[in-house]
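Asks: This is the structure I want to talk about, given as structure tokens.
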Number of protein chains: 2
Amino acid sequence: MNKWWIENGTFVTMDESQPVVQGHMVIENDRITYIGKERPQDADSISVKVDGSKKVFMPGLINTHGHAAMSLLRGYSDDEALQTWLQDYMWPMEAKFTDADVKWGTSLAVLEMLKSGTTTFVDMYDRMDEVAKVVQQSGMRGVLMRGAIGLCPEDVQNQKLAEAVQFAKDWNGAADGRIMTMMSPHAPYTCPPEFIEKFVQAAHDYDLPMHTHMSETVAEVEQNVRDYGVRPVEHLDRLGFFSRPSFVAHAVHLTDEEISLLAERGVAVSHNAASNLKLASGVARVPELLKAGVTVSLGTDSAASNNNLDLFDEIRLAALIHKGVSGDPTVIPATQALQLATLGGAATIRQPQLGALRAGMKADFIALDADQPHFYPQTDMISHLVYSASGRDVRDVWVNGQQVVRGGICLLLDEEKIKAEAEACYRRLAGN
Amino acid sequence: MNKWWIENGTFVTMDESQPVVQGHMVIENDRITYIGKERPQDADSISVKVDGSKKVFMPGLINTHGHAAMSLLRGYSDDEALQTWLQDYMWPMEAKFTDADVKWGTSLAVLEMLKSGTTTFVDMYDRMDEVAKVVQQSGMRGVLMRGAIGLCPEDVQNQKLAEAVQFAKDWNGAADGRIMTMMSPHAPYTCPPEFIEKFVQAAHDYDLPMHTHMSETVAEVEQNVRDYGVRPVEHLDRLGFFSRPSFVAHAVHLTDEEISLLAERGVAVSHNAASNLKLASGVARVPELLKAGVTVSLGTDSAASNNNLDLFDEIRLAALIHKGVSGDPTVIPATQALQLATLGGAATIRQPQLGALRAGMKADFIALDADQPHFYPQTDMISHLVYSASGRDVRDVWVNGQQVVRGGICLLLDEEKIKAEAEACYRRLAGN
């Protein structure tokens with residue numbers, strides 16, 4: 001049995017019974033078995049100790065929406081209108097992607113995420129076997145799905161569906177349970193209703209949760225009304241999507257009635273603040289969603305529309321932007337912003353063993369160097385994590401009880417090789 | 001003569017004639033004397049060389065609005081309504097500030113700013129001799145002024161004015177020209193018109209530029225109309241404020257006519273995006289200001305309302321938020337966002353020798369570690385600096401030709417002492 005002890009740390013637990021603990025945490029294999037102010041009772045029998053002083057520990061962050069391989073296109077096109085960006089830049093490049101591109105693009109993303117404190121990520125893309133292999137090797141936790149666009153002949157649709165099912169069956173529970181799978185038609189505006197229904201049926205058949213893009217832009221909501229007579233929430237509801245455990249990305253443009261229906265159906269929302277701003281999609285109604293009881297979590301979306309995968313940026317943005325837009329400085333206070341990226345993420349992907357530091361929870365956690373000017377004075381560590389911290393402050397990361405980053409270095413990935421290969425992939429794709 | 005050479009670097013110059021240079025830069029004393037692709041002609045005679053590979057160099061950032069000493073109150077009160085925050089938390093604590101508090105609070109702020117790539121900051125506060133002494137020692141560049149609130153008896157007003165004048169005279173041009181001074185009545189809503197006029201007269205008498213807070217909240221604009229019959233821009237214009245070289249902080253709530261008048265008078269605006277969001281003041285009309293030809297720069301405001309002094313956060317926020325709020329993804333493109341923090345800052349404080357890497361300019365520049373996952377692939381370094389970089393990526397900082405940060409360590413400040421003293425000041429102020 002692998003049992004060890006972090007001594008004299010500051011722990012931001014996300015556990016209401018003891019939000020901040022100055023003390024100790026014991027880990028046994030993949031679980032936290034003790035956290036508290038007092039030394040563990042069996043302290044003398046624990047041989048491995050880690051000095052926690054000058055560090056702040058917190059649950060690993062959970063990124064609930066992204067397309068990791070698109071990190072290859074970071075900075076390739078910025079500040080363009082959405083359709084220009086997609087049609088003239090993203091899609092032509094993505095059409096050239098090979099297995100190797102997905103492998104190295106995903107590796108680059110996983111490297112960036114792990115080093116900045118994300119321990120679990122949701123990924124919707126193509127060539128997902130490559131993604132799963134990277135997750136397996138990296139030690140990270142991944143919620144993976146083959147995202148399928150249905151604007152194609154029926155035989156191609158069926159092939160995509162079969163791929164999605166096969167991938168979900170092959171990998172669910174793999175890598176010591178670090179990999180979970182879901183079913184994911186891309187979006188209501190890229191998938192005919194019958195195609196979405198086939199995904200819903202498959203999700204029922206194999207007992208899988210579902211994820212999709214929804215109501216990211218005004219234009220797609222209007223198109224949904226034109227094409228199907230209803231807005232996207234009602235549309236997906238009619239297609240049975242919300243009869244499955246499910247969550248949607250973006251959900252920027254919602255009516256009060258749609259928010260109520262999401263709450264009623266138990267549908268969670270992945271809030272992608274930076275991506276929605278950068279693509280000028282707007283600002284999601286997060287305070288209203290939370291007030292209605294909808295589970296909200298944070299996603300970076302891809303590095304092509306963000307352009308980084310540092311979830312601390314999303315936490316700060318979530319805490320700032322809704323105050324400015326609503327005119328109410330009390331909305332999304334610091335603790336709630338941090339919850340979105342931890343407990344909210346865990347609830348979104350339905351993994352109640354993640355998102356908090358508490359005995360019995362999975363040992364997914366991170367340590368930040370708190371001995372830096374922007375963490376002083378030590379007034380309120382939760383405030384500092386939200387308003388001052390950056391992913392670059394993360395020094396150590398553990399997933400499932402295993403250390404995967406030590407002193408800022410990824411232990412299970414070859415950073416130099418990944419950077420070089422990702423650069424080479426991009427050069428080839430860009431033809432220079 | 002001190003002459004040296006950075007070899008094989010990537011230089012983001014902010015110079016339109018060559019925006020990104022893969023090459024070399026030569027520094028002589030406090031000036032850049034060469035930058036270009038080719039080796040310097042007198043290369044063999046330059047004995048001191050610095051290896052620039054795997055780093056990206058750019059002009060030092062210019063933070064055009066803040067109150068450094070308030071870093072002591074970082075995280076002391078968050079997520080409160082503005083008046084509660086000010087009256088119940090900030091003002092009672094600030095009333096207890098001593099010289100030592102200003103010294104150590106400012107030191108903490110300067111430490112954070114320098115380490116995150118800011119080489120020049122504007123500071124409006126009290127006990128400014130303490131601030132100037134910290135600037136002198138740190139090697140940083142500072143634009144300093146005694147900010148005066150005029151809600152007090154006339155003899156106290158006169159004393160504050162005299163202090164402001166004395167400080168401005170004592171320190172202008174000090175520390176090898178690194179310190180500049182200005183005159184600064186705090187704001188139209190905290191200063192009676194006659195008090196503001198006295199500052200304008202003193203600014204004329206001593207040929208000093210002026211700075212103030214303006215139109216941060218809807219409430220203060222409405223109060224201005226009630227009290228004086230006009231909105232703040234016209235009010236300040238009537239008081240002669242804009243007859244001086246001047247710039248205002250915030251300027252969130254402006255009419256089209258006010259924007260035109262600011263442009264006409266050559267008044268610059270310090271955009272404080274994070275602070276305006278956190279205090280729920282709103283979002284300044286930056287695209288309209290820029291379109292009208294107003295000089296815009298970036299400020300963090302104090303760490304009590306931000307809560308960090310990392311100007312890279314403000315750059316990214318400026319690039320993101322105006323897209324999301326306007327619905328136009330092409331506004332404030334990456335290059336323009338970076339200009340706000342460099343050339344825009346230099347124009348705001350009227351220091352044309354700052355803000356770009358070009359022969360003849362002052363040698364105020366920074367180096368970031370670009371060999372990290374979030375800088376790959378190397379598609380567009382300007383995009384990466386805006387959308388992916390953080391102040392924590394800064395490794396080296398030079399001001400006026402002198403290195404002040406090396407490998408992330410401040411060379412002229414004692415970081416351990418500053419953190420300990422700032423913590424002690426806060427504990428004493430908070431009474432625990």
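Residues in the structure tokens are named by chain (A, B, ... in the order shown) and by number from 1 within that chain; ligands are numbered from 1 in the order shown.
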Quick one: everything within 7 Å of Pro232 of chain A, counting only C-alpha atoms, minus sequence neighbours fewer than 6 positions away in the same chain. Send it as a list of chain:residue names.

Replies: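 Contacts, with the query itself left out: A:Pro188, A:Met214, A:Ser215, A:Val221, A:Asn224.
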
Asks: For segment 104-114 of chain B, find every residue with an atom within 6 Å (counting only C-alpha atoms), except residues of its own chain fewer than 4 positions away, and show them as a list of chain:residue names.

Replies: A:Pro373, B:Ala68, B:Ala69, B:Ser71, B:Leu72, B:Thr118, B:Leu309, B:Ala422

Asks: With N, CA and C atoms retained, export the selected residues as a PDB file, in the first residue's frame.

Replies:
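Saved the output as result_6.pdb:
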```pdb
ATOM      1  N   PRO A 373       4.921  37.459  -4.369  1.00  0.00           N
ATOM      2  CA  PRO A 373       4.333  38.748  -3.975  1.00  0.00           C
ATOM      3  C   PRO A 373       2.820  38.824  -4.151  1.00  0.00           C
TER       4      PRO A 373
ATOM      5  N   ALA B  68      -0.174  52.005  -5.351  1.00  0.00           N
ATOM      6  CA  ALA B  68       0.662  50.846  -5.021  1.00  0.00           C
ATOM      7  C   ALA B  68       0.531  50.412  -3.569  1.00  0.00           C
ATOM      8  N   ALA B  69       0.507  51.377  -2.654  1.00  0.00           N
ATOM      9  CA  ALA B  69       0.513  51.020  -1.236  1.00  0.00           C
ATOM     10  C   ALA B  69      -0.708  50.196  -0.843  1.00  0.00           C
ATOM     11  N   SER B  71      -1.677  47.631  -2.054  1.00  0.00           N
ATOM     12  CA  SER B  71      -1.407  46.192  -2.116  1.00  0.00           C
ATOM     13  C   SER B  71      -1.496  45.550  -0.735  1.00  0.00           C
ATOM     14  N   LEU B  72      -1.293  46.345   0.310  1.00  0.00           N
ATOM     15  CA  LEU B  72      -1.458  45.827   1.678  1.00  0.00           C
ATOM     16  C   LEU B  72      -2.874  45.334   1.929  1.00  0.00           C
ATOM     17  N   THR B 118       6.283  44.963 -15.755  1.00  0.00           N
ATOM     18  CA  THR B 118       5.980  46.387 -15.814  1.00  0.00           C
ATOM     19  C   THR B 118       7.231  47.171 -15.437  1.00  0.00           C
ATOM     20  N   LEU B 309      -1.393  42.868 -10.008  1.00  0.00           N
ATOM     21  CA  LEU B 309      -0.801  43.976 -10.761  1.00  0.00           C
ATOM     22  C   LEU B 309      -0.104  43.479 -12.026  1.00  0.00           C
ATOM     23  N   ALA B 422       5.442  43.454   4.682  1.00  0.00           N
ATOM     24  CA  ALA B 422       4.083  43.736   4.210  1.00  0.00           C
ATOM     25  C   ALA B 422       3.067  42.919   5.011  1.00  0.00           C
TER      26      ALA B 422
END
```

Asks: I'd like the neighbourhood of segment 402-419 of chain B as a list in words, where a residue qualifies if any of its atoms comes within 7 Å (using only C-alpha atoms), though same-chain residues fewer than 4 positions away should be ignored.

Replies: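 The contact residues come out as Pro373 and Tyr376 of chain A; Trp104, Ser107, Leu108, Lys115, Gln137, Ser138, Gly139, Val394, Arg395, Asp396, Val397, Trp398 and Glu423 of chain B.
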
Asks: Counting only C-alpha atoms, which residues of chain B come no farther than 7 Å from chain A, as a PyMOL selection string?

Replies: chain B and resi 72+74-76+79-81+108+111-112+274+276-283+306-308+320-321+323-325+327-330+333+373-374+376-380+383-384+387-388+392+419+422-423+426

Asks: DSSP on the backbone: what in segment 105-234 of chain B comes out alpha helix (DSSP H), as a PyMOL selection string?

Replies: chain B and resi 105-115+128-138+154-171+193-205+218-228+232-234

Asks: When you look at Glu38 of chain A with a cut-off of 10 Å (counting only C-alpha atoms), what residues show up, excluding the ones that are within fewer than 5 positions of it in the same chain? I need them as a list in words.

Replies: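 Answer for this query is Asn8, Val21, Gln22, Gly23, His24 and Met25 of chain A.
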
Asks: According to DSSP computed on the backbone, where in segment 110-156 of chain A is there strand (DSSP E or B)? Give the residues as an MDAnalysis selection string.

Replies: chainID A and resid 118:125 141:148

Asks: Output all heavy atoms for every residue in that selection, as a CSV table (one decimal), in the first residue's frame.

Replies:
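Dumped to result_2.csv:
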```csv
chain,number,residue,atom,x,y,z
A,118,THR,N,-4.8,21.7,-14.2
A,118,THR,CA,-6.0,21.0,-14.6
A,118,THR,C,-5.7,19.5,-14.5
A,118,THR,O,-4.8,19.0,-15.1
A,118,THR,CB,-6.5,21.4,-16.0
A,118,THR,OG1,-6.8,22.7,-16.0
A,118,THR,CG2,-7.7,20.5,-16.5
A,119,THR,N,-6.5,18.7,-13.8
A,119,THR,CA,-6.3,17.3,-13.6
A,119,THR,C,-7.3,16.5,-14.4
A,119,THR,O,-7.1,15.3,-14.7
A,119,THR,CB,-6.4,16.9,-12.1
A,119,THR,OG1,-7.6,17.4,-11.6
A,119,THR,CG2,-5.2,17.5,-11.4
A,120,THR,N,-8.4,17.1,-14.8
A,120,THR,CA,-9.4,16.4,-15.6
A,120,THR,C,-9.9,17.3,-16.7
A,120,THR,O,-10.1,18.5,-16.5
A,120,THR,CB,-10.7,16.0,-14.8
A,120,THR,OG1,-10.3,15.2,-13.7
A,120,THR,CG2,-11.8,15.3,-15.6
A,121,PHE,N,-10.0,16.7,-18.0
A,121,PHE,CA,-10.5,17.6,-19.0
A,121,PHE,C,-11.5,16.8,-19.9
A,121,PHE,O,-11.4,15.6,-20.0
A,121,PHE,CB,-9.4,18.1,-19.9
A,121,PHE,CG,-8.7,17.1,-20.9
A,121,PHE,CD1,-8.8,17.3,-22.3
A,121,PHE,CD2,-8.0,16.0,-20.4
A,121,PHE,CE1,-8.2,16.4,-23.1
A,121,PHE,CE2,-7.4,15.1,-21.3
A,121,PHE,CZ,-7.5,15.3,-22.6
A,122,VAL,N,-12.4,17.5,-20.4
A,122,VAL,CA,-13.4,17.0,-21.3
A,122,VAL,C,-12.9,17.3,-22.8
A,122,VAL,O,-12.6,18.4,-23.1
A,122,VAL,CB,-14.8,17.6,-21.1
A,122,VAL,CG1,-15.8,17.2,-22.2
A,122,VAL,CG2,-15.3,17.3,-19.7
A,123,ASP,N,-12.9,16.2,-23.6
A,123,ASP,CA,-12.5,16.5,-25.0
A,123,ASP,C,-13.4,15.9,-26.0
A,123,ASP,O,-13.8,14.7,-25.9
A,123,ASP,CB,-11.1,15.9,-25.2
A,123,ASP,CG,-10.3,16.5,-26.3
A,123,ASP,OD1,-10.2,17.8,-26.3
A,123,ASP,OD2,-10.0,15.8,-27.3
A,124,MET,N,-13.8,16.7,-26.9
A,124,MET,CA,-14.7,16.3,-28.0
A,124,MET,C,-14.0,16.6,-29.3
A,124,MET,O,-13.7,17.7,-29.6
A,124,MET,CB,-16.0,17.2,-27.9
A,124,MET,CG,-17.0,16.9,-29.0
A,124,MET,SD,-18.0,18.3,-29.5
A,124,MET,CE,-19.0,18.5,-28.1
A,125,TYR,N,-13.6,15.5,-30.0
A,125,TYR,CA,-12.9,15.7,-31.2
A,125,TYR,C,-13.0,14.4,-32.1
A,125,TYR,O,-13.9,13.6,-31.9
A,125,TYR,CB,-11.4,16.0,-30.9
A,125,TYR,CG,-10.8,16.9,-32.0
A,125,TYR,CD1,-11.3,18.2,-32.2
A,125,TYR,CD2,-9.8,16.5,-32.8
A,125,TYR,CE1,-10.8,19.0,-33.2
A,125,TYR,CE2,-9.2,17.3,-33.8
A,125,TYR,CZ,-9.8,18.5,-34.0
A,125,TYR,OH,-9.3,19.3,-35.0
A,141,ARG,N,-6.7,12.7,-16.1
A,141,ARG,CA,-8.0,12.1,-16.2
A,141,ARG,C,-8.8,12.8,-17.4
A,141,ARG,O,-8.7,14.0,-17.6
A,141,ARG,CB,-8.8,12.4,-14.9
A,141,ARG,CG,-9.9,11.5,-14.5
A,141,ARG,CD,-10.5,11.9,-13.2
A,141,ARG,NE,-9.7,11.6,-12.0
A,141,ARG,CZ,-9.6,10.4,-11.4
A,141,ARG,NH1,-10.2,9.3,-12.0
A,141,ARG,NH2,-8.9,10.2,-10.4
A,142,GLY,N,-9.5,12.0,-18.2
A,142,GLY,CA,-10.1,12.5,-19.4
A,142,GLY,C,-11.5,12.0,-19.6
A,142,GLY,O,-11.8,10.8,-19.4
A,143,VAL,N,-12.4,12.9,-20.0
A,143,VAL,CA,-13.8,12.6,-20.3
A,143,VAL,C,-13.8,12.8,-21.8
A,143,VAL,O,-13.9,13.9,-22.3
A,143,VAL,CB,-14.8,13.4,-19.6
A,143,VAL,CG1,-16.2,13.0,-20.0
A,143,VAL,CG2,-14.6,13.3,-18.1
A,144,LEU,N,-13.9,11.7,-22.6
A,144,LEU,CA,-13.6,11.7,-24.0
A,144,LEU,C,-14.8,11.3,-24.8
A,144,LEU,O,-15.5,10.4,-24.4
A,144,LEU,CB,-12.4,10.8,-24.3
A,144,LEU,CG,-11.1,11.0,-23.4
A,144,LEU,CD1,-10.0,10.1,-23.8
A,144,LEU,CD2,-10.7,12.5,-23.4
A,145,MET,N,-14.9,11.9,-26.0
A,145,MET,CA,-16.0,11.6,-26.9
A,145,MET,C,-15.6,12.0,-28.3
A,145,MET,O,-15.0,13.0,-28.5
A,145,MET,CB,-17.2,12.3,-26.4
A,145,MET,CG,-17.2,13.8,-26.5
A,145,MET,SD,-18.3,14.6,-25.3
A,145,MET,CE,-17.4,14.2,-23.7
A,146,ARG,N,-16.1,11.2,-29.2
A,146,ARG,CA,-16.0,11.5,-30.7
A,146,ARG,C,-17.1,12.4,-31.0
A,146,ARG,O,-18.3,12.1,-31.0
A,146,ARG,CB,-16.1,10.1,-31.4
A,146,ARG,CG,-15.5,10.1,-32.8
A,146,ARG,CD,-16.4,10.8,-33.9
A,146,ARG,NE,-15.9,10.5,-35.2
A,146,ARG,CZ,-15.9,11.4,-36.2
A,146,ARG,NH1,-16.2,12.6,-36.0
A,146,ARG,NH2,-15.5,11.0,-37.4
A,147,GLY,N,-16.8,13.7,-31.3
A,147,GLY,CA,-17.8,14.7,-31.6
A,147,GLY,C,-18.1,14.5,-33.1
A,147,GLY,O,-17.2,14.6,-33.9
A,148,ALA,N,-19.4,14.4,-33.4
A,148,ALA,CA,-19.8,14.1,-34.8
A,148,ALA,C,-20.6,15.2,-35.4
A,148,ALA,O,-21.7,15.6,-34.8
A,148,ALA,CB,-20.5,12.8,-34.8
```

Asks: Here is a test: counting only C-alpha atoms, which residue of A:Val269, A:Met70, A:Val26, A:Leu289 is nearest to Glu94 of chain A?

Replies: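 Under the stated criterion, the closest residue is A:Met70.
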